[in-house]
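Enquirer: Dumping the structure here so I can ask a few things about it.
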Amino acid sequence: MRERFADNDSFSRIRPKGAPRRGRRSERDGDFEPEVAYHFEAFEPAGHPHDTHGPDSADDFADAYVTDDDTPDGSYDDGYDNTYDDGSTPVADGPAEGDRWSTWDQSTPTEKGPAPRPGWVVTELAAVDTELGLVKTGKEADVFLLERGVPGTDRRTLMAAKRYRDAQHRMFHRDSGYLEGRQHKESRIARAMAKRTAFGKEAIAGQWAAAEFTALCRLWSAGVAVPYPVQILGTEILMEFVGDAGGTAAPRLAQLRAEEVDVEDLWEQLGRNLSLLAVDGYAHGDLSAYNILVHDGRLVIIDVPQIVDVVANPRGRSFLERDVRNVGAWFVSRGLPEHRVGELVEALTFDARLR
């Protein structure tokens with residue numbers, strides 16, 4: 001399991017909580033490395049008091065720099081007592097169980113979900129994260145099932161870990177329309193994004209995870225049926241897992257047959273949620289029967305990184321109408337009168353103050 005995620009920053013170079021630091025910090029800690037300046041002209045290795053030119057090679061330099069603290073196997077002894085109080089030696093690459101320590105304490109307050117937090121959110125620093133498998137793969141991100149729990153207790157919960165891919169492995173064909181109306185605080189970055197330079201594409205890629213987390217926080221606080229956003233760290237979003245306790249994800253609306261659900265009730269739920277979005281000035285931007293989940297009769301909207309400000313975006317109204325008609329097609333094919341779709345479009349246009 002650990003090797004599978006070795007290339008993922010969230011699962012690399014992890015130090016147990018409470019253990020002393022050895023060598024370089026992890027990338028999330030800022031790529032810290034001691035600033036040691038080696039001035040070869042003034043270096044005088046032991047046994048060469050008059051050699052002002054320094055060692056002739058890297059090997060000579062390494063030999064000259066050996067101290068009594070170095071161990072026979074070539075590793076460097078930092079002089080610290082690297083044992084716990086019980087005499088055990090810490091494992092350098094992770095907890096005794098699970099794949100990594102909980103990342104809760106690595107996110108800043110603004111990178112954590114809105115208050116009041118649900119009681120199932122595990123915030124204990126002793127918690128560990130365990131990868132349980134792939135839930136969904138997409139063009140821009142993959143979703144994994146992750147369990148966060150405190151070892152030795154029944155305090156644990158399932159979450160969905162959504163991890164966005166880097167610029168080389170993502171699709172950008174939709175970016176231009178969705179980014180209209182969004183502004184970056186640095187004009188240099190905004191220009192690069194507009195021109196789609198290599199740097200601009202990197203900046204766009206970096207916006208998606210943050211945009212989705214921000215949108216989830218806002219929508220959750222507004223009462224929209226979306227997964228609760230637990231935290232964000234880099235390009236990984238941890239959020240509420242919509243499914244059963246055994247790890248089976250709730251089905252998408254597109255997977256359900258008319259006889260399996262109450263079509264009228266789901267349509268009413270959809271209308272209420274889209275109205276909350278519209279009143280707040282937003283549209284989903286890419287809504288369809290494939291990014292709506294149904295769990296125990298409850299409709300849950302997912303995948304919101306491209307949320308559209310319908311007032312600031314010149315195409316806002318068209319995004320709103322497209323959302324309704326795309327998902328409305330599923331309802332119409334299962335018996336909903338077609339005129340109900342048009343009526344919802346008009347109601348949402350009024351809610352969003354677009355007429």
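Chain labels follow the order of the structure tokens: the first chain is A, the next B, and so on; residue numbering restarts at 1 in every chain, and ligands are counted from 1 in their shown order.
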Would you please give, as a PyMOL selection string, all residues of stretch 209-279 of chain A that DSSP assigns to strand (DSSP E or B) based on the backbone?

Expert: chain A and resi 229-233+236-240+243+249+252

Enquirer: I need the residues from that last selection saved to file as a PDB file, in the first residue's frame (with N, CA and C atoms), if you can.

Expert:
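part_0.pdb, freshly written:
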ATOM      1  N   PRO A 229     -16.858  19.418   3.796  1.00  0.00           N
ATOM      2  CA  PRO A 229     -15.420  19.497   3.499  1.00  0.00           C
ATOM      3  C   PRO A 229     -14.600  19.475   4.795  1.00  0.00           C
ATOM      4  N   VAL A 230     -13.840  18.421   5.031  1.00  0.00           N
ATOM      5  CA  VAL A 230     -13.083  18.273   6.272  1.00  0.00           C
ATOM      6  C   VAL A 230     -11.849  19.161   6.276  1.00  0.00           C
ATOM      7  N   GLN A 231     -11.026  19.039   5.231  1.00  0.00           N
ATOM      8  CA  GLN A 231      -9.806  19.838   5.160  1.00  0.00           C
ATOM      9  C   GLN A 231      -9.227  19.767   3.761  1.00  0.00           C
ATOM     10  N   ILE A 232      -8.297  20.682   3.481  1.00  0.00           N
ATOM     11  CA  ILE A 232      -7.542  20.657   2.235  1.00  0.00           C
ATOM     12  C   ILE A 232      -6.075  20.777   2.575  1.00  0.00           C
ATOM     13  N   LEU A 233      -5.254  20.013   1.875  1.00  0.00           N
ATOM     14  CA  LEU A 233      -3.804  20.089   2.038  1.00  0.00           C
ATOM     15  C   LEU A 233      -3.184  19.948   0.657  1.00  0.00           C
ATOM     16  N   GLU A 236      -5.024  17.898  -2.237  1.00  0.00           N
ATOM     17  CA  GLU A 236      -5.878  16.838  -1.701  1.00  0.00           C
ATOM     18  C   GLU A 236      -6.985  17.439  -0.840  1.00  0.00           C
ATOM     19  N   ILE A 237      -8.230  17.093  -1.170  1.00  0.00           N
ATOM     20  CA  ILE A 237      -9.378  17.511  -0.369  1.00  0.00           C
ATOM     21  C   ILE A 237      -9.929  16.274   0.334  1.00  0.00           C
ATOM     22  N   LEU A 238     -10.078  16.367   1.645  1.00  0.00           N
ATOM     23  CA  LEU A 238     -10.743  15.311   2.409  1.00  0.00           C
ATOM     24  C   LEU A 238     -12.153  15.787   2.716  1.00  0.00           C
ATOM     25  N   MET A 239     -13.119  14.947   2.405  1.00  0.00           N
ATOM     26  CA  MET A 239     -14.515  15.347   2.589  1.00  0.00           C
ATOM     27  C   MET A 239     -15.344  14.165   3.060  1.00  0.00           C
ATOM     28  N   GLU A 240     -16.553  14.462   3.445  1.00  0.00           N
ATOM     29  CA  GLU A 240     -17.492  13.437   3.890  1.00  0.00           C
ATOM     30  C   GLU A 240     -17.648  12.353   2.831  1.00  0.00           C
ATOM     31  N   GLY A 243     -21.961   7.298   1.538  1.00  0.00           N
ATOM     32  CA  GLY A 243     -22.112   5.867   1.312  1.00  0.00           C
ATOM     33  C   GLY A 243     -22.375   5.167   2.625  1.00  0.00           C
ATOM     34  N   ALA A 249     -19.875   3.210  -1.891  1.00  0.00           N
ATOM     35  CA  ALA A 249     -20.291   4.568  -2.216  1.00  0.00           C
ATOM     36  C   ALA A 249     -21.741   4.604  -2.683  1.00  0.00           C
ATOM     37  N   ARG A 252     -24.705   7.042  -8.236  1.00  0.00           N
ATOM     38  CA  ARG A 252     -25.022   8.287  -8.926  1.00  0.00           C
ATOM     39  C   ARG A 252     -26.471   8.236  -9.407  1.00  0.00           C
TER      40      ARG A 252
END

Enquirer: Which polymer residues have any atom within 12 Å of an atom of stretch 324-336 of chain A, counting only C-alpha atoms, with same-chain residues fewer than 3 positions away left out, as a tab-separated table (two decimals) with N, CA, C and O atoms, in the first residue's frame?

Expert:
chain	number	residue	atom	x	y	z
A	252	ARG	N	-24.71	7.04	-8.24
A	252	ARG	CA	-25.02	8.29	-8.93
A	252	ARG	C	-26.47	8.24	-9.41
A	252	ARG	O	-27.03	7.16	-9.63
A	253	LEU	N	-27.05	9.40	-9.57
A	253	LEU	CA	-28.42	9.48	-10.06
A	253	LEU	C	-28.57	8.75	-11.39
A	253	LEU	O	-29.57	8.06	-11.63
A	254	ALA	N	-27.55	8.85	-12.25
A	254	ALA	CA	-27.61	8.24	-13.57
A	254	ALA	C	-27.72	6.71	-13.51
A	254	ALA	O	-28.17	6.08	-14.48
A	255	GLN	N	-27.32	6.12	-12.38
A	255	GLN	CA	-27.33	4.66	-12.27
A	255	GLN	C	-28.68	4.11	-11.81
A	255	GLN	O	-28.88	2.90	-11.85
A	256	LEU	N	-29.57	4.98	-11.40
A	256	LEU	CA	-30.83	4.54	-10.80
A	256	LEU	C	-31.97	4.45	-11.81
A	256	LEU	O	-32.05	5.24	-12.75
A	257	ARG	N	-32.85	3.50	-11.57
A	257	ARG	CA	-34.06	3.36	-12.38
A	257	ARG	C	-35.22	4.06	-11.68
A	257	ARG	O	-35.19	4.26	-10.46
A	258	ALA	N	-36.24	4.41	-12.42
A	258	ALA	CA	-37.37	5.16	-11.88
A	258	ALA	C	-38.04	4.42	-10.73
A	258	ALA	O	-38.46	5.03	-9.74
A	259	GLU	N	-38.13	3.09	-10.84
A	259	GLU	CA	-38.80	2.32	-9.79
A	259	GLU	C	-37.98	2.22	-8.50
A	259	GLU	O	-38.49	1.80	-7.47
A	260	GLU	N	-36.71	2.62	-8.55
A	260	GLU	CA	-35.86	2.54	-7.37
A	260	GLU	C	-35.93	3.80	-6.51
A	260	GLU	O	-35.44	3.79	-5.37
A	261	VAL	N	-36.48	4.87	-7.04
A	261	VAL	CA	-36.48	6.14	-6.33
A	261	VAL	C	-37.84	6.83	-6.45
A	261	VAL	O	-38.65	6.47	-7.30
A	262	ASP	N	-38.02	7.83	-5.63
A	262	ASP	CA	-39.20	8.69	-5.72
A	262	ASP	C	-38.81	9.88	-6.60
A	262	ASP	O	-38.19	10.83	-6.14
A	263	VAL	N	-39.14	9.81	-7.88
A	263	VAL	CA	-38.71	10.82	-8.85
A	263	VAL	C	-39.20	12.21	-8.46
A	263	VAL	O	-38.45	13.19	-8.52
A	264	GLU	N	-40.44	12.31	-8.04
A	264	GLU	CA	-40.99	13.61	-7.67
A	264	GLU	C	-40.26	14.21	-6.47
A	264	GLU	O	-39.94	15.40	-6.46
A	265	ASP	N	-39.98	13.38	-5.47
A	265	ASP	CA	-39.28	13.88	-4.28
A	265	ASP	C	-37.86	14.33	-4.62
A	265	ASP	O	-37.41	15.39	-4.15
A	266	LEU	N	-37.18	13.58	-5.45
A	266	LEU	CA	-35.82	13.96	-5.84
A	266	LEU	C	-35.83	15.27	-6.64
A	266	LEU	O	-34.92	16.10	-6.50
A	267	TRP	N	-36.85	15.45	-7.49
A	267	TRP	CA	-36.94	16.70	-8.26
A	267	TRP	C	-37.16	17.89	-7.32
A	267	TRP	O	-36.55	18.96	-7.52
A	268	GLU	N	-37.97	17.69	-6.31
A	268	GLU	CA	-38.19	18.77	-5.34
A	268	GLU	C	-36.90	19.07	-4.57
A	268	GLU	O	-36.58	20.25	-4.32
A	270	LEU	N	-33.87	18.63	-5.68
A	270	LEU	CA	-32.97	19.30	-6.62
A	270	LEU	C	-33.32	20.78	-6.72
A	270	LEU	O	-32.45	21.65	-6.69
A	271	GLY	N	-34.61	21.07	-6.85
A	271	GLY	CA	-35.04	22.46	-6.98
A	271	GLY	C	-34.65	23.29	-5.77
A	271	GLY	O	-34.18	24.43	-5.91
A	273	ASN	N	-32.18	22.78	-3.63
A	273	ASN	CA	-30.73	22.97	-3.57
A	273	ASN	C	-30.23	23.95	-4.63
A	273	ASN	O	-29.38	24.80	-4.34
A	274	LEU	N	-30.76	23.86	-5.84
A	274	LEU	CA	-30.34	24.80	-6.88
A	274	LEU	C	-30.82	26.20	-6.57
A	274	LEU	O	-30.17	27.19	-6.94
A	275	SER	N	-31.95	26.32	-5.89
A	275	SER	CA	-32.44	27.63	-5.49
A	275	SER	C	-31.50	28.27	-4.46
A	275	SER	O	-31.20	29.47	-4.53
A	278	ALA	N	-28.62	29.54	-6.39
A	278	ALA	CA	-28.94	30.73	-7.18
A	278	ALA	C	-29.09	31.97	-6.30
A	278	ALA	O	-28.62	33.06	-6.66
A	283	ALA	N	-24.10	29.02	-9.83
A	283	ALA	CA	-24.62	27.84	-10.51
A	283	ALA	C	-23.53	26.77	-10.42
A	283	ALA	O	-22.34	27.10	-10.33
A	284	HIS	N	-23.94	25.53	-10.46
A	284	HIS	CA	-22.96	24.43	-10.37
A	284	HIS	C	-21.95	24.52	-11.51
A	284	HIS	O	-20.75	24.38	-11.32
A	285	GLY	N	-22.43	24.73	-12.71
A	285	GLY	CA	-21.55	24.90	-13.87
A	285	GLY	C	-21.33	23.65	-14.68
A	285	GLY	O	-20.93	23.74	-15.85
A	286	ASP	N	-21.55	22.47	-14.10
A	286	ASP	CA	-21.34	21.22	-14.85
A	286	ASP	C	-22.27	20.13	-14.33
A	286	ASP	O	-21.90	18.97	-14.23
A	287	LEU	N	-23.46	20.50	-13.97
A	287	LEU	CA	-24.39	19.58	-13.32
A	287	LEU	C	-24.98	18.59	-14.32
A	287	LEU	O	-25.34	18.94	-15.43
A	288	SER	N	-25.06	17.35	-13.88
A	288	SER	CA	-25.70	16.30	-14.67
A	288	SER	C	-26.08	15.17	-13.72
A	288	SER	O	-25.80	15.23	-12.52
A	289	ALA	N	-26.68	14.13	-14.25
A	289	ALA	CA	-27.07	12.98	-13.42
A	289	ALA	C	-25.85	12.18	-12.96
A	289	ALA	O	-25.99	11.26	-12.16
A	290	TYR	N	-24.66	12.55	-13.46
A	290	TYR	CA	-23.44	11.82	-13.10
A	290	TYR	C	-22.72	12.43	-11.90
A	290	TYR	O	-21.82	11.80	-11.34
A	291	ASN	N	-23.04	13.66	-11.52
A	291	ASN	CA	-22.41	14.22	-10.33
A	291	ASN	C	-23.44	14.60	-9.27
A	291	ASN	O	-23.29	15.59	-8.56
A	292	ILE	N	-24.47	13.76	-9.20
A	292	ILE	CA	-25.43	13.81	-8.11
A	292	ILE	C	-25.52	12.41	-7.53
A	292	ILE	O	-25.70	11.43	-8.26
A	301	ILE	N	-25.17	16.77	-4.02
A	301	ILE	CA	-24.48	17.31	-5.19
A	301	ILE	C	-22.96	17.25	-4.96
A	301	ILE	O	-22.47	17.64	-3.90
A	317	ARG	N	-25.96	33.06	-16.95
A	317	ARG	CA	-27.32	32.55	-17.16
A	317	ARG	C	-27.31	31.27	-18.00
A	317	ARG	O	-28.08	30.35	-17.73
A	318	SER	N	-26.46	31.22	-19.00
A	318	SER	CA	-26.42	30.02	-19.84
A	318	SER	C	-25.92	28.80	-19.06
A	318	SER	O	-26.38	27.67	-19.28
A	319	PHE	N	-24.97	29.02	-18.13
A	319	PHE	CA	-24.50	27.92	-17.29
A	319	PHE	C	-25.65	27.43	-16.41
A	319	PHE	O	-25.84	26.22	-16.24
A	320	LEU	N	-26.39	28.34	-15.83
A	320	LEU	CA	-27.50	27.98	-14.94
A	320	LEU	C	-28.55	27.17	-15.72
A	320	LEU	O	-29.01	26.12	-15.24
A	321	GLU	N	-28.92	27.65	-16.88
A	321	GLU	CA	-29.93	26.96	-17.67
A	321	GLU	C	-29.44	25.59	-18.13
A	321	GLU	O	-30.19	24.60	-18.11
A	339	HIS	N	-42.42	20.37	-19.07
A	339	HIS	CA	-42.61	21.79	-18.77
A	339	HIS	C	-42.05	22.14	-17.38
A	339	HIS	O	-41.72	23.29	-17.10
A	340	ARG	N	-41.91	21.12	-16.50
A	340	ARG	CA	-41.37	21.38	-15.16
A	340	ARG	C	-39.91	21.83	-15.23
A	340	ARG	O	-39.44	22.59	-14.37
A	341	VAL	N	-39.19	21.39	-16.23
A	341	VAL	CA	-37.78	21.79	-16.40
A	341	VAL	C	-37.71	23.28	-16.73
A	341	VAL	O	-36.92	24.03	-16.12
A	342	GLY	N	-38.51	23.71	-17.68
A	342	GLY	CA	-38.52	25.14	-18.03
A	342	GLY	C	-38.95	26.00	-16.87
A	342	GLY	O	-38.44	27.12	-16.67
A	343	GLU	N	-39.92	25.53	-16.09
A	343	GLU	CA	-40.38	26.29	-14.93
A	343	GLU	C	-39.27	26.46	-13.90
A	343	GLU	O	-39.14	27.53	-13.29
A	344	LEU	N	-38.45	25.42	-13.72
A	344	LEU	CA	-37.35	25.53	-12.76
A	344	LEU	C	-36.30	26.51	-13.26
A	344	LEU	O	-35.74	27.29	-12.48
A	345	VAL	N	-36.04	26.51	-14.56
A	345	VAL	CA	-35.09	27.47	-15.13
A	345	VAL	C	-35.54	28.89	-14.82
A	345	VAL	O	-34.74	29.74	-14.39
A	346	GLU	N	-36.81	29.17	-15.05
A	346	GLU	CA	-37.32	30.52	-14.80
A	346	GLU	C	-37.25	30.88	-13.32
A	346	GLU	O	-36.90	32.01	-12.96
A	347	ALA	N	-37.57	29.94	-12.47
A	347	ALA	CA	-37.54	30.21	-11.02
A	347	ALA	C	-36.12	30.51	-10.56
A	347	ALA	O	-35.89	31.43	-9.76
A	348	LEU	N	-35.14	29.76	-11.07
A	348	LEU	CA	-33.75	29.98	-10.66
A	348	LEU	C	-33.20	31.28	-11.22
A	348	LEU	O	-32.40	31.97	-10.56
A	349	THR	N	-33.63	31.63	-12.41
A	349	THR	CA	-33.22	32.91	-12.99
A	349	THR	C	-33.70	34.06	-12.12
A	349	THR	O	-32.98	35.05	-11.90

Enquirer: Interatomic distance between atom CA of A:Gly119 and atom CA of A:Asp296?

Expert: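 Atom CA of A:Asp296 lies 20.1 Å from atom CA of A:Gly119.
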
Enquirer: Find the distance between atom CA of A:Leu277 and atom CA of A:Ala312 and write it in Å to one decimal.

Expert: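 Computed distance, atom CA of A:Leu277 to atom CA of A:Ala312, equals 14.6 Å.
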
Enquirer: Grab the atom CA of A:Thr248 to atom CA of A:Val135 distance for me, in Å with one decimal place.

Expert: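 Going from atom CA of A:Thr248 over to atom CA of A:Val135 covers 8.8 Å.
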
Enquirer: Extract the full set of alpha helix (DSSP H) residues from stretch 192-290 of chain A according to DSSP on the backbone, and format it as a VMD selection string.

Expert: chain A and resid 192 to 195 198 to 222 263 to 279

Enquirer: Can you write just those residues out, N, CA and C atoms, as a compact mmCIF listing (two decimals), in the first residue's frame?

Expert:
# COMPACT_ATOMS: atom_id res chain seq x y z
N ALA A 192 -0.82 35.42 -17.16
CA ALA A 192 -0.30 34.13 -17.60
C ALA A 192 -1.43 33.11 -17.77
N MET A 193 -2.40 33.17 -16.89
CA MET A 193 -3.55 32.27 -17.00
C MET A 193 -4.36 32.59 -18.25
N ALA A 194 -4.55 33.87 -18.52
CA ALA A 194 -5.32 34.27 -19.69
C ALA A 194 -4.64 33.85 -20.99
N LYS A 195 -3.31 33.90 -21.01
CA LYS A 195 -2.55 33.54 -22.22
C LYS A 195 -2.28 32.05 -22.33
N ALA A 198 2.79 28.09 -20.06
CA ALA A 198 3.07 26.93 -19.22
C ALA A 198 2.88 27.29 -17.75
N PHE A 199 3.38 28.46 -17.38
CA PHE A 199 3.22 28.91 -16.00
C PHE A 199 1.75 29.15 -15.68
N GLY A 200 1.02 29.69 -16.66
CA GLY A 200 -0.39 29.96 -16.46
C GLY A 200 -1.19 28.69 -16.26
N LYS A 201 -0.85 27.62 -17.00
CA LYS A 201 -1.55 26.35 -16.83
C LYS A 201 -1.27 25.76 -15.45
N GLU A 202 -0.03 25.93 -14.98
CA GLU A 202 0.28 25.47 -13.62
C GLU A 202 -0.56 26.22 -12.60
N ALA A 203 -0.72 27.52 -12.82
CA ALA A 203 -1.51 28.33 -11.89
C ALA A 203 -2.97 27.90 -11.93
N ILE A 204 -3.48 27.60 -13.12
CA ILE A 204 -4.86 27.14 -13.25
C ILE A 204 -5.05 25.82 -12.50
N ALA A 205 -4.10 24.91 -12.69
CA ALA A 205 -4.18 23.61 -12.01
C ALA A 205 -4.22 23.79 -10.51
N GLY A 206 -3.44 24.73 -10.01
CA GLY A 206 -3.39 24.96 -8.58
C GLY A 206 -4.66 25.58 -8.02
N GLN A 207 -5.46 26.18 -8.89
CA GLN A 207 -6.69 26.82 -8.43
C GLN A 207 -7.83 25.85 -8.17
N TRP A 208 -7.83 24.71 -8.87
CA TRP A 208 -9.02 23.86 -8.84
C TRP A 208 -9.31 23.28 -7.47
N ALA A 209 -8.31 22.70 -6.81
CA ALA A 209 -8.57 22.12 -5.48
C ALA A 209 -9.05 23.19 -4.52
N ALA A 210 -8.36 24.33 -4.51
CA ALA A 210 -8.75 25.42 -3.61
C ALA A 210 -10.14 25.93 -3.94
N ALA A 211 -10.46 26.01 -5.24
CA ALA A 211 -11.78 26.49 -5.66
C ALA A 211 -12.88 25.53 -5.18
N GLU A 212 -12.62 24.24 -5.29
CA GLU A 212 -13.65 23.28 -4.87
C GLU A 212 -13.82 23.31 -3.36
N PHE A 213 -12.72 23.36 -2.63
CA PHE A 213 -12.83 23.38 -1.16
C PHE A 213 -13.58 24.62 -0.70
N THR A 214 -13.24 25.77 -1.28
CA THR A 214 -13.92 27.02 -0.92
C THR A 214 -15.41 26.93 -1.24
N ALA A 215 -15.72 26.36 -2.42
CA ALA A 215 -17.13 26.23 -2.82
C ALA A 215 -17.88 25.30 -1.88
N LEU A 216 -17.27 24.17 -1.51
CA LEU A 216 -17.92 23.23 -0.60
C LEU A 216 -18.21 23.89 0.74
N CYS A 217 -17.24 24.65 1.24
CA CYS A 217 -17.44 25.34 2.52
C CYS A 217 -18.60 26.32 2.43
N ARG A 218 -18.64 27.08 1.35
CA ARG A 218 -19.69 28.08 1.19
C ARG A 218 -21.05 27.42 1.03
N LEU A 219 -21.12 26.38 0.20
CA LEU A 219 -22.39 25.72 -0.05
C LEU A 219 -22.89 25.00 1.19
N TRP A 220 -21.99 24.34 1.90
CA TRP A 220 -22.38 23.66 3.13
C TRP A 220 -22.99 24.66 4.13
N SER A 221 -22.30 25.79 4.27
CA SER A 221 -22.78 26.81 5.21
C SER A 221 -24.12 27.39 4.78
N ALA A 222 -24.39 27.39 3.47
CA ALA A 222 -25.65 27.92 2.94
C ALA A 222 -26.78 26.90 3.01
N VAL A 263 -39.14 9.81 -7.88
CA VAL A 263 -38.71 10.82 -8.85
C VAL A 263 -39.20 12.21 -8.46
N GLU A 264 -40.44 12.31 -8.04
CA GLU A 264 -40.99 13.61 -7.67
C GLU A 264 -40.26 14.21 -6.47
N ASP A 265 -39.98 13.38 -5.47
CA ASP A 265 -39.28 13.88 -4.28
C ASP A 265 -37.86 14.33 -4.62
N LEU A 266 -37.18 13.58 -5.45
CA LEU A 266 -35.82 13.96 -5.84
C LEU A 266 -35.83 15.27 -6.64
N TRP A 267 -36.85 15.45 -7.49
CA TRP A 267 -36.94 16.70 -8.26
C TRP A 267 -37.16 17.89 -7.32
N GLU A 268 -37.97 17.69 -6.31
CA GLU A 268 -38.19 18.77 -5.34
C GLU A 268 -36.90 19.07 -4.57
N GLN A 269 -36.15 18.03 -4.19
CA GLN A 269 -34.87 18.24 -3.51
C GLN A 269 -33.90 19.01 -4.41
N LEU A 270 -33.87 18.63 -5.68
CA LEU A 270 -32.97 19.30 -6.62
C LEU A 270 -33.32 20.78 -6.72
N GLY A 271 -34.61 21.07 -6.85
CA GLY A 271 -35.04 22.46 -6.98
C GLY A 271 -34.65 23.29 -5.77
N ARG A 272 -34.84 22.73 -4.55
CA ARG A 272 -34.48 23.47 -3.33
C ARG A 272 -32.98 23.76 -3.28
N ASN A 273 -32.18 22.78 -3.63
CA ASN A 273 -30.73 22.97 -3.57
C ASN A 273 -30.23 23.95 -4.63
N LEU A 274 -30.76 23.86 -5.84
CA LEU A 274 -30.34 24.80 -6.88
C LEU A 274 -30.82 26.20 -6.57
N SER A 275 -31.95 26.32 -5.89
CA SER A 275 -32.44 27.63 -5.49
C SER A 275 -31.50 28.27 -4.46
N LEU A 276 -31.01 27.46 -3.49
CA LEU A 276 -30.04 27.98 -2.52
C LEU A 276 -28.77 28.47 -3.22
N LEU A 277 -28.34 27.72 -4.22
CA LEU A 277 -27.18 28.13 -5.01
C LEU A 277 -27.46 29.46 -5.73
N ALA A 278 -28.62 29.54 -6.39
CA ALA A 278 -28.94 30.73 -7.18
C ALA A 278 -29.09 31.97 -6.30
N VAL A 279 -29.72 31.81 -5.16
CA VAL A 279 -29.89 32.94 -4.24
C VAL A 279 -28.53 33.47 -3.80

Enquirer: Counting only C-alpha atoms, which of A:Ala245, A:Thr235, A:Gly281, A:Val308 gets nearest to A:Ser107?

Expert: A:Thr235

Enquirer: Between A:Glu147, A:Pro337, A:Leu134, A:Thr123, which one has atoms that come closest to A:Asp99, using only C-alpha atoms?

Expert: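 Among the listed residues, the smallest separation from A:Asp99 belongs to A:Glu147.
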